[in-house]
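Everything below belongs to my_file.tsv, which stores TSV, C-alpha atoms.
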```
chain	number	residue	atom	x	y	z
P	285	MET	CA	17.03	-59.73	28.29
P	286	ARG	CA	18.15	-56.31	29.42
P	287	ARG	CA	21.72	-56.89	28.28
P	288	THR	CA	20.71	-57.85	24.75
P	289	ARG	CA	18.53	-54.78	24.47
P	290	SER	CA	21.43	-52.46	25.43
P	291	VAL	CA	23.80	-54.27	23.04
P	292	SER	CA	21.37	-53.89	20.16
P	293	THR	CA	20.76	-50.26	21.15
P	294	ASN	CA	24.53	-49.65	21.12
P	295	LYS	CA	24.84	-51.24	17.68
P	296	ALA	CA	21.99	-49.11	16.35
P	297	LEU	CA	23.54	-45.97	17.86
P	298	ALA	CA	26.96	-46.86	16.42
P	299	LEU	CA	25.37	-47.36	13.01
P	300	SER	CA	23.58	-44.00	13.28
P	301	LEU	CA	26.84	-42.33	14.28
P	302	ARG	CA	28.68	-43.87	11.34
P	303	ARG	CA	25.96	-42.85	8.87
P	304	ALA	CA	25.91	-39.29	10.19
P	305	ALA	CA	29.71	-39.09	9.94
P	306	MET	CA	29.67	-40.50	6.42
P	307	ASP	CA	27.00	-37.97	5.42
P	308	LEU	CA	29.24	-35.16	6.66
P	309	LEU	CA	32.28	-36.63	4.90
P	310	ALA	CA	30.33	-37.04	1.66
P	311	ARG	CA	29.83	-33.27	1.51
P	312	ARG	CA	33.46	-32.33	2.18
P	313	GLU	CA	36.57	-33.49	4.01
P	314	HIS	CA	36.49	-32.94	7.78
P	315	SER	CA	39.22	-33.10	10.39
P	316	ARG	CA	38.78	-35.66	13.13
P	317	ALA	CA	38.17	-32.91	15.67
P	318	GLU	CA	35.50	-31.30	13.46
P	319	LEU	CA	33.71	-34.62	13.06
P	320	LEU	CA	33.91	-35.29	16.78
P	321	ASP	CA	32.46	-31.87	17.58
P	322	LYS	CA	29.61	-32.14	15.08
P	323	LEU	CA	28.71	-35.67	16.14
P	324	GLN	CA	28.82	-34.77	19.83
P	325	ARG	CA	26.36	-31.96	19.21
P	326	ARG	CA	24.07	-34.25	17.23
P	327	PHE	CA	24.39	-37.26	19.56
P	328	PRO	CA	25.13	-35.85	23.05
P	329	ASP	CA	24.62	-39.20	24.80
P	330	ALA	CA	26.96	-41.21	22.55
P	331	ASP	CA	30.39	-40.18	23.90
P	332	ALA	CA	31.36	-43.77	24.63
P	333	LEU	CA	30.90	-44.86	21.01
P	334	LEU	CA	32.28	-41.79	19.25
P	335	ALA	CA	35.96	-42.67	19.56
P	336	GLU	CA	35.31	-46.20	18.30
P	337	VAL	CA	33.31	-44.97	15.29
P	338	LEU	CA	35.94	-42.34	14.40
P	339	GLU	CA	38.72	-44.94	14.67
P	340	GLN	CA	36.82	-47.23	12.30
P	341	LEU	CA	36.29	-44.38	9.82
P	342	THR	CA	40.01	-43.66	9.89
P	343	ALA	CA	40.86	-47.34	9.48
P	344	ASP	CA	38.48	-47.56	6.52
P	345	GLY	CA	40.18	-44.55	4.91
P	346	LEU	CA	37.04	-42.42	5.03
P	347	GLN	CA	38.48	-39.80	7.36
P	348	ASN	CA	42.08	-38.66	7.11
P	349	ASP	CA	43.54	-35.49	8.63
P	350	GLU	CA	46.38	-35.35	6.08
P	351	ARG	CA	43.93	-35.47	3.18
P	352	PHE	CA	41.76	-32.86	4.93
P	353	CYS	CA	44.79	-30.57	5.32
P	354	GLU	CA	45.80	-30.87	1.68
P	355	ALA	CA	42.27	-30.12	0.48
P	356	TYR	CA	41.86	-27.23	2.91
P	357	VAL	CA	45.21	-25.66	1.97
P	358	ARG	CA	44.43	-25.98	-1.73
P	359	TYR	CA	40.98	-24.41	-1.28
P	360	ARG	CA	42.11	-21.53	0.94
P	361	ARG	CA	45.13	-20.74	-1.28
P	362	SER	CA	42.80	-20.55	-4.28
P	363	ARG	CA	40.82	-17.95	-2.32
P	364	GLY	CA	43.94	-15.85	-1.66
P	365	ALA	CA	44.64	-16.83	1.95
P	366	GLY	CA	48.26	-16.93	3.03
P	367	PRO	CA	50.14	-19.66	4.87
P	368	LEU	CA	50.03	-17.98	8.28
P	369	LEU	CA	46.26	-17.57	8.19
P	370	ILE	CA	45.72	-21.11	6.92
P	371	ARG	CA	47.96	-22.52	9.65
P	372	GLN	CA	45.92	-20.70	12.29
P	373	GLU	CA	42.63	-21.92	10.81
P	374	LEU	CA	43.83	-25.52	10.69
P	375	ARG	CA	44.90	-25.38	14.33
P	376	GLN	CA	41.46	-24.02	15.24
P	377	LYS	CA	39.98	-27.01	13.42
P	378	GLY	CA	41.94	-29.32	15.72
P	379	VAL	CA	44.57	-30.56	13.28
P	380	ALA	CA	47.90	-31.56	14.81
P	381	ALA	CA	50.79	-29.15	14.24
P	382	SER	CA	52.90	-31.89	12.65
P	383	THR	CA	50.16	-32.65	10.12
P	384	VAL	CA	49.79	-28.95	9.32
P	385	GLN	CA	53.55	-28.60	8.84
P	386	VAL	CA	53.60	-31.41	6.28
P	387	ALA	CA	50.65	-30.05	4.27
P	388	LEU	CA	51.63	-26.40	4.51
P	389	ASP	CA	55.10	-25.52	3.25
P	390	PRO	CA	55.31	-21.72	3.23
P	391	SER	CA	58.64	-21.85	1.38
P	392	ALA	CA	57.04	-23.54	-1.65
P	393	PRO	CA	57.29	-21.39	-4.80
P	394	GLU	CA	53.56	-21.49	-5.49
P	395	TRP	CA	52.95	-19.24	-2.45
P	396	LEU	CA	54.99	-16.46	-4.02
P	397	ASP	CA	53.14	-16.96	-7.33
P	398	THR	CA	49.78	-16.80	-5.55
P	399	LEU	CA	50.84	-13.68	-3.66
P	400	HIS	CA	52.07	-11.98	-6.82
P	401	THR	CA	48.79	-12.76	-8.60
P	402	LEU	CA	46.82	-11.44	-5.63
P	403	LEU	CA	48.90	-8.24	-5.52
P	404	LEU	CA	48.25	-7.61	-9.21
P	405	LYS	CA	44.54	-8.26	-8.76
P	406	LYS	CA	44.30	-5.93	-5.76
P	407	SER	CA	46.24	-3.16	-7.49
P	408	GLY	CA	44.30	-3.24	-10.75
P	409	GLY	CA	46.79	-5.08	-12.96
P	410	SER	CA	50.08	-3.44	-12.10
P	411	LEU	CA	51.81	-2.68	-8.83
P	412	PRO	CA	52.17	0.96	-7.89
P	413	PRO	CA	55.67	2.35	-8.41
P	414	ALA	CA	58.00	2.71	-5.43
P	415	SER	CA	57.31	6.45	-5.41
P	416	GLU	CA	53.68	5.78	-4.41
P	417	ARG	CA	54.54	4.74	-0.91
P	418	ALA	CA	51.01	5.06	0.54
P	419	ALA	CA	49.52	2.76	-2.12
P	420	ARG	CA	52.26	0.18	-1.56
P	421	GLN	CA	51.78	0.30	2.20
P	422	LYS	CA	48.06	-0.25	1.77
P	423	LEU	CA	48.72	-3.33	-0.38
P	424	TYR	CA	51.36	-4.54	2.11
P	425	ARG	CA	48.91	-4.31	5.02
P	426	ALA	CA	46.20	-6.05	2.99
P	427	MET	CA	48.56	-8.97	2.29
P	428	LEU	CA	49.56	-9.16	5.95
P	429	ALA	CA	45.86	-9.41	6.83
P	430	LYS	CA	45.49	-12.23	4.29
P	431	GLY	CA	48.12	-14.22	6.19
P	432	TYR	CA	51.28	-13.75	4.15
P	433	PRO	CA	54.59	-13.33	5.98
P	434	ALA	CA	56.28	-9.94	5.75
P	435	ASP	CA	59.42	-11.30	4.07
P	436	MET	CA	57.36	-12.98	1.34
P	437	ILE	CA	55.46	-9.74	0.66
P	438	SER	CA	58.74	-7.83	0.41
P	439	ARG	CA	60.09	-10.42	-2.05
P	440	ALA	CA	56.93	-10.16	-4.14
P	441	PHE	CA	57.25	-6.37	-4.27
P	442	GLY	CA	60.94	-6.70	-5.10
P	443	ALA	CA	60.31	-9.23	-7.88
P	444	ALA	CA	57.66	-6.99	-9.41
P	445	SER	CA	59.85	-3.88	-9.43
```

Give the structure from this file in structure tokens form.
Amino acid sequence: MRRTRSVSTNKALALSLRRAAMDLLARREHSRAELLDKLQRRFPDADALLAEVLEQLTADGLQNDERFCEAYVRYRRSRGAGPLLIRQELRQKGVAASTVQVALDPSAPEWLDTLHTLLLKKSGGSLPPASERAARQKLYRAMLAKGYPADMISRAFGAAS
């Protein structure tokens, strides 16, 4: 009798875990590590079942780190974040470096386009001339803080001149 009660309790807990994970995934994509962290906080006594539930979600195609990376990169790039900053954020979210490398190609031409658009926006529509060194340096530092590599910023300034 005791054994059947614990089996049914485990099934109910696994179902609750799956529903909670699916609720989170319905709102937005999550990395596996994010899901694990959120579910551990919500169900602290369910460590034994978490791995199994996450594996099943991955097998069912409901959770996918590659898809999460692509969505995250697209979102953050639309907000003006550069590849270096996005890479750091993805690593903090527990995504494997190899997965990040596939989703985040800093040599892609759209990064330079995004940077150029951001530079124009920050400078009021046109970049300051080379003679206004202080204004250019301010923009340069702002783009570094946004996560763009120095060589890309220099190319964007050179292309605009």

So that I can see what lies close to Asp329 of chain P, please list as a short mmCIF file (atom, residue, chain, number, x, y, z; two decimals) with C-alpha atoms, in the coordinates of the input the residues with an atom at most 12 Å from it, counting only C-alpha atoms and leaving out residues fewer than 3 positions away in the same chain.
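Below you can see out17.cif, which holds the result:
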```
data_model
loop_
_atom_site.label_atom_id
_atom_site.label_comp_id
_atom_site.auth_asym_id
_atom_site.auth_seq_id
_atom_site.Cartn_x
_atom_site.Cartn_y
_atom_site.Cartn_z
CA ASN P 294 24.53 -49.65 21.12
CA LEU P 297 23.54 -45.97 17.86
CA ALA P 298 26.96 -46.86 16.42
CA LEU P 301 26.84 -42.33 14.28
CA LEU P 323 28.71 -35.67 16.14
CA GLN P 324 28.82 -34.77 19.83
CA ARG P 325 26.36 -31.96 19.21
CA ARG P 326 24.07 -34.25 17.23
CA ALA P 332 31.36 -43.77 24.63
CA LEU P 333 30.90 -44.86 21.01
CA LEU P 334 32.28 -41.79 19.25
#
```

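Using all atoms listed in the file for every distance, the candidate list P:Leu411, P:Thr342, P:Met427, P:Thr293 yields P:Leu411 as the residue closest to Phe441 of chain P.
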
Against segment 355-370 of chain P, which residues of segment 402-442 of chain P fall within 10 Å? For each one I want the closest pair of atoms and the distance in Å (one decimal), counting all atoms listed in the file, rows by chain and increasing residue number, as a tab-separated table.
```
residue	atom	partner	partner_atom	distance
P:Leu402	CA	P:Gly364	CA	6.6
P:Leu403	CA	P:Gly364	CA	9.9
P:Met427	CA	P:Gly366	CA	8.0
P:Leu428	CA	P:Gly366	CA	8.4
P:Ala429	CA	P:Leu369	CA	8.3
P:Lys430	CA	P:Ala365	CA	5.2
P:Gly431	CA	P:Gly366	CA	4.2
P:Tyr432	CA	P:Gly366	CA	4.5
P:Pro433	CA	P:Leu368	CA	6.9
```

Here is a test: counting all atoms listed in the file, which residue of P:Ser410, P:Arg420, P:Ala296, P:Arg316 is nearest to Ala380 of chain P?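 Of all the options, P:Arg316 lies closest to Ala380 of chain P.
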
Distance in Å - atom CA of Val384 of chain P versus atom CA of Asp349 of chain P: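 Distance reported for this atom pair: 9.1 Å.
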
Using all atoms listed in the file, what residues lie at most 10 Å away from (36.1, -29.2, 13.5) (file coordinates), given as an MDAnalysis selection string? chainID P and resid 314:322 374:379

Using all atoms listed in the file: which of P:Ala335, P:Leu346, P:Ser292, P:Trp395 has the shortest distance to Ile437 of chain P: P:Trp395
